Amino acid sequence: MKYLSDLKWWKQTATLVGGVLTALIAFFGALNVHFQWLTSDSVNAFVSLIVAVGALFVGSLATWLNTYLTSKKKDEATTVAISYAQDAATNEDAEYEKIKAVVAQVLAAQNEAATPSTDTTTK
(Lines give C-alpha, C1' and ligand atoms only; values in the text may rest on other atoms or scores of the structure.)
Protein backbone atom coordinates (compact mmCIF):
# COMPACT_ATOMS: atom_id res chain seq x y z
CA MET A 1 0.00 0.00 0.00
CA LYS A 2 2.99 2.26 0.44
CA TYR A 3 3.39 2.70 -3.30
CA LEU A 4 -0.28 3.73 -3.69
CA SER A 5 0.41 6.93 -1.76
CA ASP A 6 3.12 7.96 -4.20
CA LEU A 7 1.95 10.22 -7.03
CA LYS A 8 4.94 9.17 -9.16
CA TRP A 9 3.67 5.59 -9.04
CA TRP A 10 0.26 6.73 -10.32
CA LYS A 11 1.89 8.67 -13.17
CA GLN A 12 4.05 5.69 -14.12
CA THR A 13 1.02 3.39 -14.05
CA ALA A 14 -0.97 5.82 -16.19
CA THR A 15 1.90 6.01 -18.67
CA LEU A 16 2.09 2.22 -18.77
CA VAL A 17 -1.66 1.90 -19.41
CA GLY A 18 -1.47 4.62 -22.05
CA GLY A 19 1.39 2.81 -23.75
CA VAL A 20 -0.51 -0.48 -23.82
CA LEU A 21 -3.63 1.22 -25.23
CA THR A 22 -1.54 3.02 -27.84
CA ALA A 23 0.00 -0.32 -28.81
CA LEU A 24 -3.51 -1.75 -29.12
CA ILE A 25 -4.47 1.13 -31.44
CA ALA A 26 -1.46 0.32 -33.63
CA PHE A 27 -2.21 -3.42 -33.52
CA PHE A 28 -5.87 -2.99 -34.48
CA GLY A 29 -4.90 -0.39 -37.10
CA ALA A 30 -2.54 -2.91 -38.71
CA LEU A 31 -5.38 -5.43 -38.81
CA ASN A 32 -7.68 -2.73 -40.18
CA VAL A 33 -10.00 -3.08 -37.17
CA HIS A 34 -11.26 0.23 -35.88
CA PHE A 35 -13.20 1.04 -32.73
CA GLN A 36 -14.84 4.40 -32.35
CA TRP A 37 -14.00 4.59 -28.67
CA LEU A 38 -10.33 3.55 -29.05
CA THR A 39 -8.64 6.68 -30.37
CA SER A 40 -5.58 8.58 -29.31
CA ASP A 41 -7.83 11.22 -27.71
CA SER A 42 -9.69 8.59 -25.65
CA VAL A 43 -6.37 7.03 -24.56
CA ASN A 44 -5.05 10.44 -23.47
CA ALA A 45 -8.28 11.12 -21.60
CA PHE A 46 -8.04 7.74 -19.85
CA VAL A 47 -4.43 8.40 -18.86
CA SER A 48 -5.44 11.80 -17.47
CA LEU A 49 -8.26 10.12 -15.54
CA ILE A 50 -5.83 7.66 -13.95
CA VAL A 51 -3.49 10.50 -12.90
CA ALA A 52 -6.45 12.49 -11.50
CA VAL A 53 -7.69 9.49 -9.48
CA GLY A 54 -4.15 8.98 -8.19
CA ALA A 55 -3.85 12.61 -7.16
CA LEU A 56 -7.23 12.43 -5.41
CA PHE A 57 -6.21 9.24 -3.60
CA VAL A 58 -2.79 10.57 -2.56
CA GLY A 59 -4.25 13.88 -1.35
CA SER A 60 -7.05 12.20 0.56
CA LEU A 61 -4.71 9.66 2.13
CA ALA A 62 -2.22 12.33 3.17
CA THR A 63 -4.98 14.44 4.73
CA TRP A 64 -6.43 11.48 6.60
CA LEU A 65 -3.03 10.37 7.88
CA ASN A 66 -2.03 13.85 9.00
CA THR A 67 -5.36 14.55 10.69
CA TYR A 68 -6.20 11.34 12.51
CA LEU A 69 -3.24 9.04 12.71
CA THR A 70 -0.69 11.75 13.46
CA SER A 71 -2.52 12.95 16.56
CA LYS A 72 -2.83 9.36 17.81
CA LYS A 73 0.87 8.75 17.16
CA LYS A 74 1.77 12.00 18.93
CA ASP A 75 -0.10 10.82 22.02
CA GLU A 76 1.67 7.45 21.87
CA ALA A 77 5.03 9.15 21.39
CA THR A 78 4.38 11.39 24.40
CA THR A 79 3.55 8.36 26.53
CA VAL A 80 6.70 6.57 25.39
CA ALA A 81 8.83 9.66 26.02
CA ILE A 82 7.46 10.06 29.54
CA SER A 83 8.05 6.40 30.39
CA TYR A 84 11.56 6.61 28.93
CA ALA A 85 12.34 9.68 31.04
CA GLN A 86 10.98 7.98 34.15
CA ASP A 87 13.05 4.86 33.47
CA ALA A 88 16.15 6.98 32.93
CA ALA A 89 15.53 8.85 36.20
CA THR A 90 15.02 5.57 38.06
CA ASN A 91 18.24 4.14 36.63
CA GLU A 92 20.08 7.34 37.49
CA ASP A 93 18.80 7.19 41.07
CA ALA A 94 19.88 3.55 41.35
CA GLU A 95 23.37 4.44 40.10
CA TYR A 96 23.51 7.33 42.57
CA GLU A 97 22.61 4.99 45.42
CA LYS A 98 25.32 2.53 44.34
CA ILE A 99 27.89 5.32 44.28
CA LYS A 100 26.79 6.49 47.74
CA ALA A 101 27.19 2.95 49.08
CA VAL A 102 30.70 2.63 47.61
CA VAL A 103 31.71 6.05 49.00
CA ALA A 104 30.35 5.06 52.42
CA GLN A 105 32.41 1.84 52.33
CA VAL A 106 35.55 3.73 51.35
CA LEU A 107 35.03 6.32 54.10
CA ALA A 108 34.39 3.56 56.63
CA ALA A 109 37.60 1.80 55.57
CA GLN A 110 39.56 5.06 55.84
CA ASN A 111 38.14 5.81 59.30
CA GLU A 112 38.95 2.30 60.43
CA ALA A 113 42.53 2.63 59.19
CA ALA A 114 42.98 6.08 60.75
CA THR A 115 41.80 5.17 64.24
CA PRO A 116 44.41 3.42 66.35
CA SER A 117 43.59 -0.06 67.45
CA THR A 118 42.84 -0.56 71.13
CA ASP A 119 44.03 -4.11 70.99
CA THR A 120 47.46 -4.58 72.41
CA THR A 121 49.57 -7.27 71.08
CA THR A 122 52.44 -8.51 73.20
CA LYS A 123 55.07 -10.84 72.12
# chains A, B, ... in the order shown; residues from 1 in each chain; ligands from 1

$ residues_around --residues "stretch 15-21 of chain A" --least-positions-apart "4" --cutoff "8 Å" --atoms "only C-alpha atoms" --output "list of chain:residue names"
A:Lys11, A:Ile25, A:Val43, A:Asn44, A:Phe46, A:Val47

$ write_last_selection --atoms "N, CA and C atoms" --output "mmCIF file, in the first residue's frame"
data_model
loop_
_atom_site.group_PDB
_atom_site.id
_atom_site.type_symbol
_atom_site.label_atom_id
_atom_site.label_comp_id
_atom_site.auth_asym_id
_atom_site.auth_seq_id
_atom_site.Cartn_x
_atom_site.Cartn_y
_atom_site.Cartn_z
ATOM 1 N N LYS A 11 1.515 8.163 -11.845
ATOM 2 C CA LYS A 11 1.893 8.672 -13.170
ATOM 3 C C LYS A 11 2.544 7.573 -14.008
ATOM 4 N N ILE A 25 -4.015 0.329 -30.290
ATOM 5 C CA ILE A 25 -4.473 1.125 -31.441
ATOM 6 C C ILE A 25 -3.658 0.749 -32.679
ATOM 7 N N VAL A 43 -7.490 7.558 -25.361
ATOM 8 C CA VAL A 43 -6.374 7.029 -24.564
ATOM 9 C C VAL A 43 -5.791 8.134 -23.684
ATOM 10 N N ASN A 44 -5.580 9.320 -24.257
ATOM 11 C CA ASN A 44 -5.047 10.441 -23.474
ATOM 12 C C ASN A 44 -6.003 10.835 -22.355
ATOM 13 N N PHE A 46 -8.095 8.799 -20.849
ATOM 14 C CA PHE A 46 -8.042 7.738 -19.846
ATOM 15 C C PHE A 46 -6.789 7.866 -18.982
ATOM 16 N N VAL A 47 -5.668 8.199 -19.616
ATOM 17 C CA VAL A 47 -4.426 8.401 -18.863
ATOM 18 C C VAL A 47 -4.586 9.573 -17.895
#

$ closest_residue --among "A:Phe28, A:Asp41, A:Leu7, A:Asn111" --to "A:Leu56" --atoms "only C-alpha atoms"
A:Leu7

$ closest_residue --among "A:Trp10, A:Thr39, A:Gly29, A:Leu65" --to "A:Ala52" --atoms "only C-alpha atoms"
A:Trp10

$ atom_distance --atom1 "atom CA of A:Ile99" --atom2 "atom CA of A:Gln86"
19.9 Å

$ closest_residue --among "A:Asp87, A:Glu97, A:Asp6, A:Glu92" --to "A:Val58" --atoms "only C-alpha atoms"
A:Asp6
